[in-house]
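Chemist: Coordinates in start-v9.txt, compact mmCIF, C-alpha atoms, are listed below.
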```
# COMPACT_ATOMS: atom_id res chain seq x y z
CA MET A 2 3.19 23.34 -2.52
CA SER A 3 -0.41 22.68 -3.64
CA GLU A 4 -3.28 22.14 -1.24
CA ILE A 5 -2.89 18.37 -1.61
CA GLY A 6 0.59 18.69 -0.14
CA VAL A 7 -0.67 19.80 3.26
CA LEU A 8 -1.65 17.39 6.01
CA SER A 9 -5.37 17.72 6.64
CA ARG A 10 -5.58 19.88 9.79
CA ARG A 11 -9.05 18.67 10.52
CA ALA A 12 -8.00 14.99 10.33
CA PHE A 13 -5.05 15.71 12.57
CA LEU A 14 -7.09 17.56 15.16
CA MET A 15 -9.69 14.79 15.22
CA GLY A 16 -7.04 12.32 16.26
CA ALA A 17 -5.77 10.86 13.02
CA ALA A 18 -2.60 9.83 14.79
CA ALA A 19 -4.59 7.72 17.23
CA THR A 20 -6.68 5.98 14.60
CA LEU A 21 -3.77 5.41 12.27
CA ALA A 22 -1.88 3.57 14.98
CA GLY A 23 -3.73 0.44 13.91
CA CYS A 24 -1.29 0.29 11.01
CA ALA A 25 1.81 0.78 13.14
CA THR A 26 4.53 -1.88 12.99
CA THR A 27 8.26 -2.33 13.21
CA GLN A 28 10.36 -0.43 10.71
CA GLY A 29 13.34 -1.12 8.50
CA GLY A 30 14.95 0.28 5.39
CA VAL A 31 16.75 -0.75 2.22
CA LYS A 32 18.39 1.40 -0.42
CA ASN A 33 19.10 -0.93 -3.32
CA VAL A 34 15.79 -0.79 -5.16
CA PRO A 35 15.32 -0.28 -8.92
CA VAL A 36 14.35 2.99 -10.55
CA PRO A 37 11.52 2.63 -13.12
CA GLN A 38 12.74 2.44 -16.71
CA LYS A 39 11.13 3.95 -19.78
CA VAL A 40 8.55 1.67 -21.39
CA SER A 41 7.13 1.51 -24.88
CA TYR A 42 3.65 1.88 -26.33
CA PRO A 43 1.23 0.33 -27.01
CA ILE A 44 0.13 -0.90 -23.61
CA VAL A 45 -1.15 -4.44 -24.08
CA PRO A 46 -3.49 -6.16 -21.56
CA ALA A 47 -2.08 -9.23 -19.86
CA THR A 48 -3.09 -12.64 -21.15
CA ASP A 49 -4.73 -15.24 -18.91
CA GLU A 50 -1.42 -17.08 -18.78
CA GLU A 51 0.37 -13.94 -17.63
CA LEU A 52 -2.25 -13.21 -15.00
CA ALA A 53 -2.14 -16.76 -13.70
CA ALA A 54 1.64 -16.47 -13.31
CA ARG A 55 1.36 -12.98 -11.78
CA TYR A 56 -1.00 -14.17 -9.06
CA ALA A 57 0.31 -17.71 -8.60
CA ALA A 58 1.39 -19.11 -5.25
CA VAL A 59 4.89 -17.96 -4.35
CA GLU A 60 7.44 -18.69 -1.64
CA ASP A 61 8.90 -15.54 -0.14
CA GLY A 62 11.05 -15.11 2.93
CA GLY A 63 10.24 -18.60 4.12
CA HIS A 64 6.48 -18.05 3.79
CA LEU A 65 4.25 -19.68 1.17
CA ILE A 66 1.81 -17.10 -0.21
CA PRO A 67 -1.33 -18.74 -1.64
CA ALA A 68 -2.42 -18.12 -5.21
CA ILE A 69 -4.97 -15.35 -5.74
CA PRO A 70 -8.21 -16.37 -7.51
CA TYR A 71 -7.83 -13.34 -9.74
CA LYS A 72 -10.88 -14.16 -11.87
CA GLU A 73 -13.01 -13.34 -8.82
CA ILE A 74 -11.56 -9.80 -8.69
CA ASP A 75 -12.78 -6.98 -10.93
CA PRO A 76 -10.19 -6.89 -13.78
CA LYS A 77 -9.67 -3.14 -13.38
CA TYR A 78 -7.95 -3.89 -10.08
CA TYR A 79 -5.35 -6.21 -11.61
CA ARG A 80 -1.80 -4.95 -11.54
CA GLN A 81 -1.34 -3.36 -14.96
CA ARG A 82 0.54 -0.70 -16.86
CA VAL A 83 -1.63 2.26 -17.89
CA LYS A 84 -1.22 5.74 -19.31
CA ASP A 85 -0.28 7.97 -16.40
CA PRO A 86 -3.29 10.01 -15.19
CA THR A 87 -1.45 11.75 -12.34
CA GLY A 88 0.89 14.25 -14.00
CA GLU A 89 3.50 13.51 -11.32
CA ALA A 90 7.22 12.95 -11.85
CA PRO A 91 8.55 9.44 -12.53
CA GLY A 92 9.17 7.49 -9.35
CA THR A 93 6.26 9.13 -7.50
CA VAL A 94 3.66 6.97 -5.77
CA VAL A 95 0.09 8.29 -6.02
CA VAL A 96 -2.84 6.93 -4.02
CA ASP A 97 -6.27 7.57 -5.56
CA THR A 98 -8.40 6.85 -2.51
CA PRO A 99 -11.89 7.18 -4.08
CA GLY A 100 -10.82 5.23 -7.17
CA ARG A 101 -9.15 2.48 -5.07
CA PHE A 102 -5.97 2.68 -7.13
CA LEU A 103 -2.28 3.13 -6.38
CA TYR A 104 -0.02 4.39 -9.18
CA LEU A 105 3.75 4.22 -9.47
CA VAL A 106 4.63 6.79 -12.13
CA GLU A 107 7.11 5.64 -14.79
CA PRO A 108 9.15 7.52 -17.39
CA GLY A 109 7.55 7.88 -20.80
CA GLY A 110 4.01 8.74 -19.74
CA THR A 111 2.96 5.46 -18.13
CA ALA A 112 2.32 4.22 -14.61
CA MET A 113 2.06 0.83 -12.96
CA ARG A 114 -1.39 0.69 -11.42
CA TYR A 115 -2.43 -1.53 -8.52
CA GLY A 116 -5.88 -2.14 -7.10
CA VAL A 117 -6.11 -1.42 -3.38
CA GLY A 118 -8.48 -1.70 -0.45
CA ILE A 119 -8.85 1.37 1.76
CA GLY A 120 -9.26 0.85 5.50
CA ARG A 121 -10.80 3.28 7.97
CA ASP A 122 -7.33 4.67 8.73
CA GLY A 123 -6.70 5.18 5.02
CA PHE A 124 -9.34 7.92 4.93
CA ALA A 125 -7.73 9.86 7.78
CA TRP A 126 -4.77 11.36 5.91
CA GLU A 127 -4.06 13.11 2.66
CA GLY A 128 -1.10 15.06 1.48
CA GLU A 129 2.45 14.59 0.35
CA GLY A 130 5.24 12.69 2.02
CA ILE A 131 8.17 10.34 1.60
CA ILE A 132 8.33 6.55 1.80
CA HIS A 133 10.99 6.73 4.48
CA TRP A 134 11.00 3.13 5.73
CA ARG A 135 10.04 -0.22 4.28
CA GLN A 136 9.80 -3.61 5.91
CA PRO A 137 9.51 -7.14 4.51
CA TRP A 138 7.25 -9.39 6.57
CA PRO A 139 6.55 -6.81 9.32
CA ARG A 140 5.24 -7.51 12.80
CA TRP A 141 1.77 -6.24 13.65
CA LYS A 142 1.70 -4.42 16.99
CA VAL A 143 -1.84 -3.65 18.05
CA PRO A 144 -2.29 -0.25 19.75
CA ALA A 145 -4.11 0.18 23.04
CA ASP A 146 -7.20 1.83 21.53
CA MET A 147 -7.79 -1.14 19.24
CA ILE A 148 -7.32 -3.58 22.11
CA ALA A 149 -9.90 -1.60 24.11
CA ARG A 150 -12.40 -2.29 21.31
CA THR A 151 -11.30 -5.89 20.81
CA PRO A 152 -9.74 -7.29 24.00
CA SER A 153 -8.87 -10.60 22.33
CA LEU A 154 -6.10 -8.75 20.46
CA ALA A 155 -4.20 -8.04 23.69
CA ARG A 156 -1.80 -10.88 23.00
CA TYR A 157 -0.55 -8.87 19.98
CA SER A 158 0.04 -5.67 21.94
CA VAL A 159 3.18 -3.56 21.71
CA GLU A 160 4.17 -4.81 25.15
CA ASN A 161 3.81 -8.43 24.03
CA GLY A 162 5.86 -7.90 20.88
CA GLY A 163 3.00 -7.99 18.38
CA MET A 164 1.99 -10.69 15.93
CA ASP A 165 4.74 -12.70 14.28
CA PRO A 166 5.26 -12.15 10.54
CA GLY A 167 3.38 -14.60 8.39
CA ILE A 168 0.51 -15.32 6.04
CA LYS A 169 -2.13 -14.54 8.68
CA ASN A 170 -0.54 -11.24 9.69
CA PRO A 171 -2.85 -8.36 8.63
CA LEU A 172 0.13 -6.39 7.27
CA GLY A 173 1.05 -9.13 4.85
CA ALA A 174 4.35 -9.55 3.08
CA ARG A 175 5.53 -5.92 2.97
CA ALA A 176 4.85 -2.58 4.64
CA LEU A 177 5.93 0.89 3.46
CA TYR A 178 5.94 3.73 5.99
CA ILE A 179 5.09 7.31 5.08
CA PHE A 180 6.85 10.27 6.71
CA GLN A 181 6.14 13.99 6.35
CA ASP A 182 8.57 16.69 7.45
CA GLY A 183 10.71 14.01 9.06
CA LYS A 184 7.88 12.62 11.18
CA ASP A 185 5.97 9.36 10.90
CA THR A 186 2.44 10.03 9.63
CA LEU A 187 1.37 6.54 10.77
CA TYR A 188 0.05 6.10 7.21
CA ARG A 189 1.03 2.76 5.66
CA LEU A 190 0.96 0.89 2.38
CA HIS A 191 0.91 -2.80 3.19
CA GLY A 192 0.13 -6.28 1.98
CA SER A 193 -2.91 -8.28 2.96
CA PRO A 194 -4.07 -11.89 2.78
CA GLU A 195 -7.64 -10.64 2.22
CA TRP A 196 -7.86 -10.44 -1.57
CA LYS A 197 -11.63 -9.91 -1.37
CA SER A 198 -11.01 -6.48 0.17
CA ILE A 199 -9.36 -5.08 -2.96
CA GLY A 200 -11.45 -2.29 -4.47
CA LYS A 201 -13.46 -1.90 -1.26
CA ALA A 202 -13.61 0.17 1.90
CA THR A 203 -12.61 -2.11 4.77
CA SER A 204 -12.93 -1.97 8.53
CA SER A 205 -9.28 -1.52 9.41
CA GLY A 206 -5.82 -0.78 8.05
CA CYS A 207 -4.49 1.94 5.77
CA VAL A 208 -3.95 1.06 2.08
CA ARG A 209 -3.76 -2.65 1.38
CA LEU A 210 -2.65 -4.60 -1.69
CA VAL A 211 -2.67 -8.33 -2.26
CA ASN A 212 0.65 -9.82 -1.24
CA GLN A 213 1.79 -10.55 -4.81
CA ASP A 214 1.21 -6.90 -5.72
CA VAL A 215 2.83 -5.37 -2.64
CA ILE A 216 5.96 -7.47 -3.29
CA ASP A 217 6.03 -6.15 -6.86
CA LEU A 218 5.53 -2.56 -5.67
CA TYR A 219 8.25 -2.96 -3.04
CA LYS A 220 10.73 -3.97 -5.74
CA ARG A 221 9.88 -1.03 -7.99
CA VAL A 222 9.58 1.92 -5.62
CA PRO A 223 12.72 4.10 -5.56
CA TYR A 224 14.48 4.82 -2.28
CA HIS A 225 12.77 7.68 -0.42
CA ALA A 226 10.12 7.92 -3.11
CA ARG A 227 7.71 10.84 -2.96
CA ILE A 228 4.10 9.86 -2.29
CA VAL A 229 0.95 11.91 -2.88
CA VAL A 230 -2.35 10.77 -1.35
CA HIS A 231 -5.62 12.08 -2.77
CA GLN A 232 -8.89 11.80 -0.85
CA GLY A 233 -10.75 13.40 -3.77
CA PRO A 234 -10.74 12.39 -7.44
CA LEU A 235 -7.46 12.85 -9.32
CA GLY A 236 -7.29 16.30 -10.87
CA SER A 237 -9.81 17.79 -8.46
CA VAL A 238 -7.23 19.79 -6.50
```
What's the structure tokens form of this structure?
Modeler:
Amino acid sequence: MSEIGVLSRRAFLMGAAATLAGCATTQGGVKNVPVPQKVSYPIVPATDEELAARYAAVEDGGHLIPAIPYKEIDPKYYRQRVKDPTGEAPGTVVVDTPGRFLYLVEPGGTAMRYGVGIGRDGFAWEGEGIIHWRQPWPRWKVPADMIARTPSLARYSVENGGMDPGIKNPLGARALYIFQDGKDTLYRLHGSPEWKSIGKATSSGCVRLVNQDVIDLYKRVPYHARIVVHQGPLGSV
């Protein structure tokens, strides 16, 4: 396994598990998800009509997700098919932390690319793992260390059952849970109502996507997909 496939010992010893707990939620799993299919060249940019439909308001699981004002987001962070820059096998998820991109590798030399926001906890882990669990509309259970910093969050503690799923929940419409060697890394991919955070370093969370994009990713990711997280530029390891 390459160096990128090893959990950062320094991050672990500095208490990555404690900081990453801010992403922790309930867990669940599904198996019937599609495997990416081979796509054709050329790769054509989406039209305004396609983008408007892609980021339109949508009802999902009894929740109404507001439309995203996509024209206020840098176009490079739109969900789009690109030539695969990762060199990974089809079905692999790759997080490019410094680039603020998430790739789902497809057959035929392409990848679906999503713009992401990286929270403080998202810088605490790199390596290789498996998307072992996934959860639609997860609960947000605030860990004790976060409550110590922000006492007003105590009502969403683990003991109190966390925050109900919904539009205001910081984990958004979907959460995907990363395991390594059979253990929860506490590293998450999750939705977010905060579209302005895409492409930026944020104050909390792991790797966040707008809700419309995390729903799309959730549908595409194969069961027990391999995930590789880079804290340096792609190709640097």
Chemist: Near A:Cys207, counting all atoms listed in the file, which residues have an atom at most 8 Å away, once you skip same-chain residues fewer than 2 positions from it, shown as a compact mmCIF listing (two decimals) with C-alpha atoms, keeping the file's coordinate frame?
Modeler:
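Below is the file result_22.txt, written as the result:
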```txt
# COMPACT_ATOMS: atom_id res chain seq x y z
CA LEU A 21 -3.77 5.41 12.27
CA CYS A 24 -1.29 0.29 11.01
CA ILE A 119 -8.85 1.37 1.76
CA GLY A 120 -9.26 0.85 5.50
CA ARG A 121 -10.80 3.28 7.97
CA ASP A 122 -7.33 4.67 8.73
CA GLY A 123 -6.70 5.18 5.02
CA PHE A 124 -9.34 7.92 4.93
CA TYR A 188 0.05 6.10 7.21
CA ARG A 189 1.03 2.76 5.66
CA LEU A 190 0.96 0.89 2.38
CA HIS A 191 0.91 -2.80 3.19
CA SER A 205 -9.28 -1.52 9.41
CA ARG A 209 -3.76 -2.65 1.38
```
Chemist: Taking 3 positions as the minimum chain separation for residues in the same chain, which residues sit within 10 Å of stretch 53-66 of chain A when counting only C-alpha atoms? Answer as a short mmCIF file (atom, residue, chain, number, x, y, z; two decimals) with C-alpha atoms, in the frame of the given file.
Modeler:
```cif
data_model
loop_
_atom_site.label_atom_id
_atom_site.label_comp_id
_atom_site.auth_asym_id
_atom_site.auth_seq_id
_atom_site.Cartn_x
_atom_site.Cartn_y
_atom_site.Cartn_z
CA ALA A 47 -2.08 -9.23 -19.86
CA THR A 48 -3.09 -12.64 -21.15
CA ASP A 49 -4.73 -15.24 -18.91
CA GLU A 50 -1.42 -17.08 -18.78
CA ILE A 69 -4.97 -15.35 -5.74
CA PRO A 70 -8.21 -16.37 -7.51
CA TYR A 71 -7.83 -13.34 -9.74
CA LYS A 72 -10.88 -14.16 -11.87
CA TYR A 79 -5.35 -6.21 -11.61
CA ARG A 80 -1.80 -4.95 -11.54
CA PRO A 137 9.51 -7.14 4.51
CA TRP A 138 7.25 -9.39 6.57
CA PRO A 166 5.26 -12.15 10.54
CA GLY A 167 3.38 -14.60 8.39
CA ILE A 168 0.51 -15.32 6.04
CA GLY A 173 1.05 -9.13 4.85
CA ALA A 174 4.35 -9.55 3.08
CA PRO A 194 -4.07 -11.89 2.78
CA VAL A 211 -2.67 -8.33 -2.26
CA ASN A 212 0.65 -9.82 -1.24
CA GLN A 213 1.79 -10.55 -4.81
CA ASP A 214 1.21 -6.90 -5.72
CA ILE A 216 5.96 -7.47 -3.29
CA ASP A 217 6.03 -6.15 -6.86
#
```
Chemist: Take atom CA of A:Met113 and atom CA of A:Lys184 and report the distance between them in Å, one decimal.
Modeler: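 About the pair atom CA of A:Met113 and atom CA of A:Lys184: they are 27.5 Å apart.
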Chemist: Extract, using all atoms listed in the file, all DNA, RNA and protein residues at most 9 Å from stretch 92-109 of chain A, discarding same-chain residues fewer than 3 positions from it, and format them as a ChimeraX atom specification.
Modeler: /A:36-41,78,85-89,112-119,123-124,132,199-202,208,218,221-223,226-235
Chemist: Measure the distance from atom CA of A:Gly130 to atom CA of A:Gln181 in Å and round it to one decimal.
Modeler: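 Distance reported for this atom pair: 4.6 Å.
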Chemist: Please return, as a ChimeraX atom specification, all polymer residues that have at least one atom within 7 Å of the point (2.2, 7.5, -24.2); use all atoms listed in the file and the file's own coordinate frame.
Modeler: /A:42,84,109-111
Chemist: Produce a file of the selected residues containing C-alpha atoms, as an mmCIF file, keeping the file's coordinate frame.
Modeler:
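Just written: again_24.cif:
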```
data_model
loop_
_atom_site.group_PDB
_atom_site.id
_atom_site.type_symbol
_atom_site.label_atom_id
_atom_site.label_comp_id
_atom_site.auth_asym_id
_atom_site.auth_seq_id
_atom_site.Cartn_x
_atom_site.Cartn_y
_atom_site.Cartn_z
ATOM 1 C CA TYR A 42 3.650 1.880 -26.330
ATOM 2 C CA LYS A 84 -1.220 5.740 -19.310
ATOM 3 C CA GLY A 109 7.550 7.880 -20.800
ATOM 4 C CA GLY A 110 4.010 8.740 -19.740
ATOM 5 C CA THR A 111 2.960 5.460 -18.130
#
```
